[in-house]
$ cat start.txt   # compact mmCIF, C-alpha atoms
# COMPACT_ATOMS: atom_id res chain seq x y z
CA MET A 1 49.51 26.64 -22.15
CA THR A 2 45.88 27.61 -22.53
CA ALA A 3 42.76 25.58 -22.96
CA SER A 4 42.54 26.58 -26.62
CA SER A 5 46.03 25.31 -27.52
CA PRO A 6 46.08 22.01 -29.44
CA GLU A 7 48.35 20.31 -26.85
CA PHE A 8 45.83 20.81 -24.07
CA VAL A 9 44.74 17.53 -22.58
CA PRO A 10 41.89 17.93 -20.12
CA GLY A 11 42.78 14.71 -18.28
CA PRO A 12 42.22 11.04 -18.84
CA LYS A 13 38.87 10.10 -20.24
CA ILE A 14 36.94 8.39 -17.49
CA LYS A 15 35.18 5.20 -18.46
CA GLU A 16 31.53 4.68 -17.64
CA PRO A 17 31.27 2.82 -14.32
CA ARG A 18 30.88 -0.92 -14.87
CA ILE A 19 27.98 -1.08 -12.49
CA ARG A 20 25.45 1.68 -12.69
CA SER A 21 24.35 2.16 -9.14
CA GLY A 22 20.85 3.22 -10.10
CA ARG A 23 20.89 5.71 -7.25
CA VAL A 24 19.39 8.47 -9.31
CA ARG A 25 17.27 10.43 -6.85
CA PRO A 26 19.73 12.17 -4.52
CA GLY A 27 17.02 13.52 -2.18
CA ALA A 28 15.28 10.17 -1.83
CA GLU A 29 18.60 8.35 -1.40
CA GLN A 30 19.57 10.71 1.40
CA TRP A 31 16.35 9.82 3.21
CA SER A 32 17.04 6.13 2.60
CA TRP A 33 20.53 6.60 4.08
CA ARG A 34 19.13 8.45 7.10
CA PHE A 35 16.43 5.86 7.66
CA MET A 36 19.00 3.03 7.74
CA ARG A 37 21.10 4.89 10.32
CA ILE A 38 18.12 5.76 12.53
CA SER A 39 16.33 2.39 12.34
CA GLY A 40 19.56 0.39 12.70
CA PRO A 41 20.40 1.21 16.34
CA ILE A 42 16.70 0.95 17.33
CA LEU A 43 16.55 -2.52 15.74
CA VAL A 44 19.71 -3.56 17.60
CA VAL A 45 17.92 -2.87 20.91
CA LEU A 46 14.56 -4.35 19.81
CA ILE A 47 15.98 -7.54 18.30
CA LEU A 48 18.71 -8.32 20.85
CA THR A 49 16.08 -7.95 23.62
CA HIS A 50 13.68 -10.17 21.61
CA LEU A 51 16.38 -12.83 21.25
CA PHE A 52 17.39 -12.59 24.91
CA VAL A 53 13.83 -12.92 26.25
CA ASN A 54 12.84 -15.73 23.87
CA LEU A 55 16.06 -17.76 23.66
CA MET A 56 18.08 -17.07 26.84
CA THR A 57 15.53 -16.75 29.67
CA GLY A 58 13.53 -19.70 30.98
CA ASP A 59 13.83 -22.80 28.82
CA GLY A 60 14.94 -20.86 25.73
CA ILE A 61 13.73 -22.27 22.41
CA SER A 62 12.06 -25.21 24.22
CA GLN A 63 9.56 -22.88 25.95
CA ILE A 64 8.22 -21.36 22.75
CA ASP A 65 4.68 -22.50 21.96
CA PHE A 66 1.25 -20.93 21.59
CA ALA A 67 0.90 -20.34 25.34
CA PHE A 68 4.28 -18.51 25.43
CA VAL A 69 3.32 -16.17 22.56
CA ALA A 70 -0.15 -15.63 24.06
CA GLY A 71 1.38 -14.80 27.42
CA LYS A 72 3.60 -12.16 25.81
CA TRP A 73 0.95 -10.60 23.57
CA ALA A 74 -1.49 -10.31 26.47
CA ALA A 75 0.70 -7.32 27.40
CA PRO A 76 0.43 -4.22 25.17
CA LEU A 77 4.15 -3.61 25.73
CA TRP A 78 5.10 -6.74 23.76
CA GLN A 79 2.43 -6.09 21.12
CA TRP A 80 3.92 -2.68 20.46
CA TRP A 81 7.46 -4.05 20.77
CA ASP A 82 6.84 -6.72 18.14
CA PHE A 83 4.87 -4.37 15.89
CA LEU A 84 7.67 -1.78 15.89
CA MET A 85 10.22 -4.55 15.34
CA LEU A 86 8.19 -5.95 12.43
CA ALA A 87 7.70 -2.63 10.66
CA LEU A 88 11.24 -1.29 11.16
CA ALA A 89 12.91 -4.62 10.31
CA MET A 90 10.91 -5.09 7.10
CA LEU A 91 11.56 -1.50 5.98
CA HIS A 92 15.27 -1.66 6.94
CA GLY A 93 15.69 -5.08 5.30
CA GLY A 94 13.55 -4.14 2.31
CA ASN A 95 15.57 -0.98 1.73
CA GLY A 96 18.79 -2.99 2.01
CA MET A 97 17.49 -5.46 -0.56
CA ARG A 98 16.52 -2.56 -2.82
CA LEU A 99 20.11 -1.31 -2.74
CA LEU A 100 21.39 -4.81 -3.57
CA ILE A 101 18.98 -5.06 -6.51
CA ASN A 102 20.27 -1.68 -7.74
CA ASP A 103 23.82 -2.97 -7.51
CA TYR A 104 23.42 -6.41 -9.06
CA ALA A 105 20.37 -6.42 -11.38
CA HIS A 106 21.63 -4.61 -14.48
CA ARG A 107 18.84 -5.29 -16.93
CA ALA A 108 16.03 -2.75 -16.63
CA TRP A 109 13.20 -5.28 -16.80
CA LEU A 110 14.83 -7.51 -14.18
CA LYS A 111 15.39 -4.58 -11.84
CA LYS A 112 11.75 -3.55 -12.26
CA LEU A 113 10.54 -7.09 -11.64
CA LEU A 114 12.65 -7.54 -8.49
CA HIS A 115 11.72 -4.11 -7.11
CA GLY A 116 8.06 -4.98 -7.69
CA ALA A 117 8.33 -8.36 -5.97
CA LEU A 118 10.22 -6.76 -3.09
CA GLY A 119 7.57 -4.08 -2.64
CA VAL A 120 4.79 -6.67 -2.57
CA ALA A 121 6.72 -8.80 -0.04
CA VAL A 122 7.53 -5.88 2.28
CA ILE A 123 4.01 -4.42 2.30
CA GLY A 124 2.39 -7.89 2.44
CA ILE A 125 4.48 -9.05 5.41
CA ILE A 126 3.97 -5.81 7.36
CA VAL A 127 0.19 -5.93 6.81
CA LEU A 128 -0.03 -9.65 7.63
CA GLY A 129 2.15 -9.40 10.73
CA SER A 130 0.26 -6.32 12.00
CA LEU A 131 -3.08 -8.11 11.59
CA VAL A 132 -1.73 -11.10 13.54
CA ILE A 133 -0.42 -8.93 16.40
CA TRP A 134 -3.51 -6.70 16.72
CA THR A 135 -6.27 -9.27 16.11
CA PHE A 136 -4.64 -11.96 18.24
CA ASP A 137 -6.87 -13.82 20.73
CA PRO A 138 -4.84 -15.53 23.49
CA CYS A 139 -7.87 -17.65 24.53
CA PRO A 140 -9.66 -18.90 21.37
CA VAL A 141 -12.98 -20.40 22.52
CA ASP A 142 -12.79 -23.65 20.53
CA ALA A 143 -9.17 -24.45 21.49
CA ASP A 144 -7.85 -27.16 23.79
CA LEU A 145 -7.46 -25.49 27.21
CA SER A 146 -4.18 -27.33 27.90
CA LEU A 147 -2.52 -25.49 24.99
CA LEU A 148 -3.52 -22.04 26.23
CA PRO A 149 -1.85 -19.74 28.77
CA SER A 150 -3.00 -20.41 32.37
CA PHE A 151 -4.91 -17.09 32.63
CA CYS A 152 -7.43 -18.41 30.05
CA GLU A 153 -8.96 -20.59 32.77
CA ASP A 154 -10.15 -17.45 34.57
CA VAL A 155 -11.46 -15.94 31.35
CA ARG A 156 -13.66 -18.95 30.58
CA MET B 157 36.11 -4.85 2.27
CA TRP B 158 35.50 -8.13 4.05
CA MET B 159 33.18 -6.49 6.54
CA TRP B 160 31.26 -5.07 3.57
CA VAL B 161 30.77 -8.63 2.29
CA VAL B 162 29.84 -9.87 5.79
CA HIS B 163 27.28 -7.05 6.12
CA ARG B 164 25.62 -7.85 2.78
CA VAL B 165 25.56 -11.64 3.24
CA THR B 166 24.22 -11.49 6.82
CA GLY B 167 21.69 -8.81 5.80
CA VAL B 168 20.24 -10.96 3.01
CA ALA B 169 20.12 -14.05 5.25
CA ILE B 170 18.31 -12.15 8.01
CA PHE B 171 15.85 -10.65 5.50
CA PHE B 172 14.75 -14.03 4.18
CA PHE B 173 14.53 -15.50 7.67
CA LEU B 174 12.33 -12.57 8.67
CA LEU B 175 9.85 -13.37 5.88
CA ILE B 176 9.63 -16.98 7.07
CA HIS B 177 9.49 -15.98 10.73
CA VAL B 178 6.47 -13.70 10.20
CA LEU B 179 4.70 -16.44 8.21
CA ASP B 180 5.29 -19.11 10.90
CA THR B 181 4.12 -16.71 13.64
CA THR B 182 0.96 -16.09 11.58
CA LEU B 183 -0.07 -19.63 12.52
CA VAL B 184 -1.01 -18.41 16.04
CA ARG B 185 -4.04 -16.91 14.25
CA VAL B 186 -4.90 -20.32 12.72
CA SER B 187 -4.88 -22.51 15.84
CA PRO B 188 -2.66 -23.33 18.83
CA GLU B 189 -2.08 -26.82 17.35
CA ALA B 190 -0.94 -25.48 13.96
CA TYR B 191 1.54 -23.09 15.61
CA ASN B 192 2.88 -25.67 18.06
CA ASP B 193 3.40 -28.20 15.25
CA VAL B 194 5.54 -25.87 13.16
CA ILE B 195 7.44 -24.38 16.11
CA GLY B 196 8.04 -27.94 17.30
CA SER B 197 10.14 -28.56 14.19
CA TYR B 198 12.28 -25.52 15.11
CA LYS B 199 13.32 -27.37 18.28
CA THR B 200 15.02 -30.19 16.33
CA PRO B 201 18.86 -30.28 16.22
CA ILE B 202 19.13 -29.18 12.56
CA TYR B 203 16.93 -26.13 13.05
CA GLY B 204 18.67 -25.51 16.37
CA LEU B 205 21.95 -25.14 14.49
CA VAL B 206 20.35 -22.95 11.82
CA GLU B 207 19.01 -20.70 14.60
CA ALA B 208 22.49 -20.48 16.11
CA GLY B 209 23.78 -19.37 12.68
CA LEU B 210 20.98 -16.85 12.46
CA VAL B 211 21.78 -15.37 15.87
CA ALA B 212 25.43 -15.19 14.77
CA ALA B 213 24.39 -13.33 11.58
CA ILE B 214 22.23 -10.89 13.58
CA ILE B 215 25.00 -10.11 16.10
CA LEU B 216 27.55 -9.51 13.31
CA HIS B 217 25.16 -7.34 11.29
CA ALA B 218 24.11 -5.39 14.40
CA PHE B 219 27.56 -4.50 15.68
CA ASN B 220 29.11 -4.01 12.25
CA GLY B 221 26.21 -1.66 11.49
CA LEU B 222 26.96 0.32 14.65
CA ARG B 223 30.64 0.44 13.58
CA ILE B 224 29.65 1.86 10.17
CA ILE B 225 27.55 4.56 11.83
CA ALA B 226 30.41 5.40 14.23
CA VAL B 227 32.94 5.66 11.37
CA ASP B 228 30.59 7.95 9.42
CA HIS B 229 29.94 10.24 12.35
CA SER B 230 33.24 10.59 14.18
CA THR B 231 36.77 11.17 12.98
CA TRP B 232 38.04 9.33 16.06
CA ALA B 233 36.16 6.22 14.94
CA LEU B 234 37.43 6.73 11.39
CA ARG B 235 41.04 6.84 12.64
CA HIS B 236 40.46 3.74 14.78
CA GLN B 237 38.31 1.85 12.31
CA LYS B 238 40.68 -1.15 12.22
CA GLN B 239 40.44 -1.53 15.99
CA LEU B 240 36.66 -1.16 15.71
CA VAL B 241 36.55 -4.12 13.31
CA TRP B 242 38.36 -6.08 16.00
CA ALA B 243 35.86 -4.82 18.55
CA VAL B 244 33.00 -6.14 16.40
CA TRP B 245 34.58 -9.62 16.30
CA ILE B 246 35.39 -9.59 20.04
CA ILE B 247 31.80 -8.63 20.92
CA PHE B 248 30.62 -11.35 18.52
CA VAL B 249 32.77 -14.01 20.19
CA VAL B 250 31.77 -12.94 23.72
CA LEU B 251 28.03 -12.88 22.97
CA MET B 252 28.15 -16.19 21.09
CA ALA B 253 30.10 -17.74 23.98
CA GLY B 254 27.23 -16.70 26.26
CA PHE B 255 24.49 -17.80 23.88
CA LEU B 256 25.73 -21.05 22.32
CA PRO B 257 26.07 -23.27 25.44
CA ARG B 258 22.63 -22.24 26.66
CA HIS B 259 20.91 -22.55 23.29
CA LEU B 260 22.58 -25.83 22.31
CA GLY B 261 21.73 -27.12 25.80
CA HIS B 262 18.05 -26.41 25.12
CA VAL B 263 18.21 -27.92 21.65
CA PHE B 264 20.17 -31.08 22.48
CA GLY B 265 18.77 -31.38 26.00
CA GLY B 266 22.14 -32.15 27.58
CA ALA B 267 23.28 -31.06 31.05
CA TRP B 268 24.87 -27.74 30.03
$ encode --input "start.txt" --output "structure tokens"
Amino acid sequence: MTASSPEFVPGPKIKEPRIRSGRVRPGAEQWSWRFMRISGPILVVLILTHLFVNLMTGDGISQIDFAFVAGKWAAPLWQWWDFLMLALAMLHGGNGMRLLINDYAHRAWLKKLLHGALGVAVIGIIVLGSLVIWTFDPCPVDADLSLLPSFCEDVR
Amino acid sequence: MWMWVVHRVTGVAIFFFLLIHVLDTTLVRVSPEAYNDVIGSYKTPIYGLVEAGLVAAIILHAFNGLRIIAVDHSTWALRHQKQLVWAVWIIFVVLMAGFLPRHLGHVFGGAW
């Protein structure tokens, strides 16, 4: 039997997939895939350490107040730690949400709207969080001294 | 299949918490009082339980994510992927067993 014979059946006709994945840029999607696999393990270390230091050591959740945060961010190590955590987590989570929107939002306008809102949220939160970390003042001059970390007494 | 669902659900939950968590931390730039007020509400029993759920979601997402990477990169992990799913749940139970008594002790103030 040859391809030109009338009995030739090239195989079952495959139906269009029910859900169009929307993953149309293979190069970009490969970078997205790589980014998730590189940022993932880094985030595991950053976040589990963050949770351990803040919730397991000392008085756990009860110890968290302005003085606790100020004490941590007085050290560049924790500023960089939290900045890296913020940026990687928002990009990792934002990319994950983008994939979910591709999978579940079928209407073009809805997909566009959700992708737009997601982009604004991701960029907005990274910018806001970075400003907070890098412009933070552990000893604001007009604040009640009892709410500040103990080293502020020496600064005054 | 179920781990795929777990990964998506925990991922979405963590994402939305992260948005809120950055916003509440932003209050340290407003004033010590504003930050302490909002964080104070996180120390109540209801939020304490939500935080426990959040830590659970993070641990599951973290170790299931590592399992996915392992299965993609090694044929050994691919062959043992069922056992690795068990490993994820065992690690989850062990870490939660370490975390929950301590955290709930802080939240409910009992002698844990």
$ closest_atom_pairs --input "start.txt" --of "chain B" --to "chain A" --cutoff "9 Å" --atoms "all atoms listed in the file" --output "JSON lines"
{"residue": "B:Arg164", "atom": "CA", "partner": "A:Leu100", "partner_atom": "CA", "distance": 8.2}
{"residue": "B:Gly167", "atom": "CA", "partner": "A:Gly93", "partner_atom": "CA", "distance": 7.1}
{"residue": "B:Val168", "atom": "CA", "partner": "A:Met97", "partner_atom": "CA", "distance": 7.1}
{"residue": "B:Ile170", "atom": "CA", "partner": "A:Gly93", "partner_atom": "CA", "distance": 8.0}
{"residue": "B:Phe171", "atom": "CA", "partner": "A:Gly93", "partner_atom": "CA", "distance": 5.6}
{"residue": "B:Leu174", "atom": "CA", "partner": "A:Met90", "partner_atom": "CA", "distance": 7.8}
{"residue": "B:Leu175", "atom": "CA", "partner": "A:Ile125", "partner_atom": "CA", "distance": 6.9}
{"residue": "B:Val178", "atom": "CA", "partner": "A:Gly129", "partner_atom": "CA", "distance": 6.1}
{"residue": "B:Leu179", "atom": "CA", "partner": "A:Gly129", "partner_atom": "CA", "distance": 7.9}
{"residue": "B:Thr181", "atom": "CA", "partner": "A:Val132", "partner_atom": "CA", "distance": 8.1}
{"residue": "B:Thr182", "atom": "CA", "partner": "A:Val132", "partner_atom": "CA", "distance": 6.0}
{"residue": "B:Leu183", "atom": "CA", "partner": "A:Val132", "partner_atom": "CA", "distance": 8.7}
{"residue": "B:Val184", "atom": "CA", "partner": "A:Phe66", "partner_atom": "CA", "distance": 6.5}
{"residue": "B:Arg185", "atom": "CA", "partner": "A:Val132", "partner_atom": "CA", "distance": 6.3}
{"residue": "B:Ser187", "atom": "CA", "partner": "A:Ala143", "partner_atom": "CA", "distance": 7.4}
{"residue": "B:Pro188", "atom": "CA", "partner": "A:Phe66", "partner_atom": "CA", "distance": 5.4}
{"residue": "B:Glu189", "atom": "CA", "partner": "A:Leu147", "partner_atom": "CA", "distance": 7.8}
{"residue": "B:Tyr191", "atom": "CA", "partner": "A:Phe66", "partner_atom": "CA", "distance": 6.4}
{"residue": "B:Asn192", "atom": "CA", "partner": "A:Asp65", "partner_atom": "CA", "distance": 5.3}
{"residue": "B:Asp193", "atom": "CA", "partner": "A:Asp65", "partner_atom": "CA", "distance": 8.9}
{"residue": "B:Ile195", "atom": "CA", "partner": "A:Asp65", "partner_atom": "CA", "distance": 6.7}
{"residue": "B:Gly196", "atom": "CA", "partner": "A:Asp65", "partner_atom": "CA", "distance": 7.9}
{"residue": "B:Tyr198", "atom": "CA", "partner": "A:Ile61", "partner_atom": "CA", "distance": 8.1}
{"residue": "B:Lys199", "atom": "CA", "partner": "A:Ser62", "partner_atom": "CA", "distance": 6.4}
{"residue": "B:Gly204", "atom": "CA", "partner": "A:Ile61", "partner_atom": "CA", "distance": 8.4}
{"residue": "B:Val211", "atom": "CA", "partner": "A:Leu51", "partner_atom": "CA", "distance": 8.0}
{"residue": "B:Ile214", "atom": "CA", "partner": "A:Leu48", "partner_atom": "CA", "distance": 8.5}
{"residue": "B:Ile215", "atom": "CA", "partner": "A:Leu48", "partner_atom": "CA", "distance": 8.1}
{"residue": "B:Ala218", "atom": "CA", "partner": "A:Val44", "partner_atom": "CA", "distance": 5.7}
{"residue": "B:Phe219", "atom": "CA", "partner": "A:Val44", "partner_atom": "CA", "distance": 8.1}
{"residue": "B:Gly221", "atom": "CA", "partner": "A:Gly40", "partner_atom": "CA", "distance": 7.1}
{"residue": "B:Leu222", "atom": "CA", "partner": "A:Pro41", "partner_atom": "CA", "distance": 6.8}
{"residue": "B:Ile225", "atom": "CA", "partner": "A:Arg37", "partner_atom": "CA", "distance": 6.6}
{"residue": "B:Phe255", "atom": "CA", "partner": "A:Met56", "partner_atom": "CA", "distance": 7.1}
{"residue": "B:Arg258", "atom": "CA", "partner": "A:Met56", "partner_atom": "CA", "distance": 6.9}
{"residue": "B:His259", "atom": "CA", "partner": "A:Gly60", "partner_atom": "CA", "distance": 6.7}
{"residue": "B:His262", "atom": "CA", "partner": "A:Ser62", "partner_atom": "CA", "distance": 6.2}
{"residue": "B:Val263", "atom": "CA", "partner": "A:Ser62", "partner_atom": "CA", "distance": 7.2}
$ write_last_selection --input "start.txt" --atoms "C-alpha atoms" --output "mmCIF file, in the coordinates of the input"
data_model
loop_
_atom_site.group_PDB
_atom_site.id
_atom_site.type_symbol
_atom_site.label_atom_id
_atom_site.label_comp_id
_atom_site.auth_asym_id
_atom_site.auth_seq_id
_atom_site.Cartn_x
_atom_site.Cartn_y
_atom_site.Cartn_z
ATOM 1 C CA ARG B 164 25.620 -7.850 2.780
ATOM 2 C CA GLY B 167 21.690 -8.810 5.800
ATOM 3 C CA VAL B 168 20.240 -10.960 3.010
ATOM 4 C CA ILE B 170 18.310 -12.150 8.010
ATOM 5 C CA PHE B 171 15.850 -10.650 5.500
ATOM 6 C CA LEU B 174 12.330 -12.570 8.670
ATOM 7 C CA LEU B 175 9.850 -13.370 5.880
ATOM 8 C CA VAL B 178 6.470 -13.700 10.200
ATOM 9 C CA LEU B 179 4.700 -16.440 8.210
ATOM 10 C CA THR B 181 4.120 -16.710 13.640
ATOM 11 C CA THR B 182 0.960 -16.090 11.580
ATOM 12 C CA LEU B 183 -0.070 -19.630 12.520
ATOM 13 C CA VAL B 184 -1.010 -18.410 16.040
ATOM 14 C CA ARG B 185 -4.040 -16.910 14.250
ATOM 15 C CA SER B 187 -4.880 -22.510 15.840
ATOM 16 C CA PRO B 188 -2.660 -23.330 18.830
ATOM 17 C CA GLU B 189 -2.080 -26.820 17.350
ATOM 18 C CA TYR B 191 1.540 -23.090 15.610
ATOM 19 C CA ASN B 192 2.880 -25.670 18.060
ATOM 20 C CA ASP B 193 3.400 -28.200 15.250
ATOM 21 C CA ILE B 195 7.440 -24.380 16.110
ATOM 22 C CA GLY B 196 8.040 -27.940 17.300
ATOM 23 C CA TYR B 198 12.280 -25.520 15.110
ATOM 24 C CA LYS B 199 13.320 -27.370 18.280
ATOM 25 C CA GLY B 204 18.670 -25.510 16.370
ATOM 26 C CA VAL B 211 21.780 -15.370 15.870
ATOM 27 C CA ILE B 214 22.230 -10.890 13.580
ATOM 28 C CA ILE B 215 25.000 -10.110 16.100
ATOM 29 C CA ALA B 218 24.110 -5.390 14.400
ATOM 30 C CA PHE B 219 27.560 -4.500 15.680
ATOM 31 C CA GLY B 221 26.210 -1.660 11.490
ATOM 32 C CA LEU B 222 26.960 0.320 14.650
ATOM 33 C CA ILE B 225 27.550 4.560 11.830
ATOM 34 C CA PHE B 255 24.490 -17.800 23.880
ATOM 35 C CA ARG B 258 22.630 -22.240 26.660
ATOM 36 C CA HIS B 259 20.910 -22.550 23.290
ATOM 37 C CA HIS B 262 18.050 -26.410 25.120
ATOM 38 C CA VAL B 263 18.210 -27.920 21.650
#
$ closest_residue --input "start.txt" --among "B:His217, B:Arg223, B:Arg235, B:His229" --to "B:Ala169" --atoms "all atoms listed in the file"
B:His217
$ atom_distance --input "start.txt" --atom1 "atom CA of A:Gly116" --atom2 "atom CA of A:Trp33"
20.7 Å
$ atom_distance --input "start.txt" --atom1 "atom CA of A:Pro149" --atom2 "atom CA of A:Gly71"
6.1 Å
$ atom_distance --input "start.txt" --atom1 "atom CA of B:His163" --atom2 "atom CA of B:Leu216"
7.6 Å
$ closest_residue --input "start.txt" --among "A:Ala87, A:Ser150, A:Val53, A:Lys111" --to "A:Ile123" --atoms "only C-alpha atoms"
A:Ala87
$ build_atoms --input "start.txt" --residues "stretch 32-43 of chain A" --atoms "N, CA and C atoms" --output "compact mmCIF listing (two decimals), in the frame of the given file"
# COMPACT_ATOMS: atom_id res chain seq x y z
N SER A 32 16.80 7.57 2.43
CA SER A 32 17.04 6.13 2.60
C SER A 32 18.24 5.91 3.51
N TRP A 33 19.30 6.69 3.28
CA TRP A 33 20.53 6.60 4.08
C TRP A 33 20.23 6.94 5.54
N ARG A 34 19.48 8.05 5.74
CA ARG A 34 19.13 8.45 7.10
C ARG A 34 18.30 7.39 7.80
N PHE A 35 17.32 6.85 7.06
CA PHE A 35 16.43 5.86 7.66
C PHE A 35 17.23 4.65 8.15
N MET A 36 18.21 4.19 7.35
CA MET A 36 19.00 3.03 7.74
C MET A 36 19.77 3.32 9.03
N ARG A 37 20.30 4.55 9.15
CA ARG A 37 21.10 4.89 10.32
C ARG A 37 20.26 5.16 11.56
N ILE A 38 19.00 5.54 11.37
CA ILE A 38 18.12 5.76 12.53
C ILE A 38 17.50 4.43 12.97
N SER A 39 17.00 3.64 11.98
CA SER A 39 16.33 2.39 12.34
C SER A 39 17.33 1.35 12.83
N GLY A 40 18.56 1.39 12.33
CA GLY A 40 19.56 0.39 12.70
C GLY A 40 19.76 0.24 14.20
N PRO A 41 20.18 1.32 14.89
CA PRO A 41 20.40 1.21 16.34
C PRO A 41 19.12 0.83 17.11
N ILE A 42 17.95 1.32 16.65
CA ILE A 42 16.70 0.95 17.33
C ILE A 42 16.48 -0.55 17.18
N LEU A 43 16.73 -1.07 15.98
CA LEU A 43 16.55 -2.52 15.74
C LEU A 43 17.53 -3.35 16.56
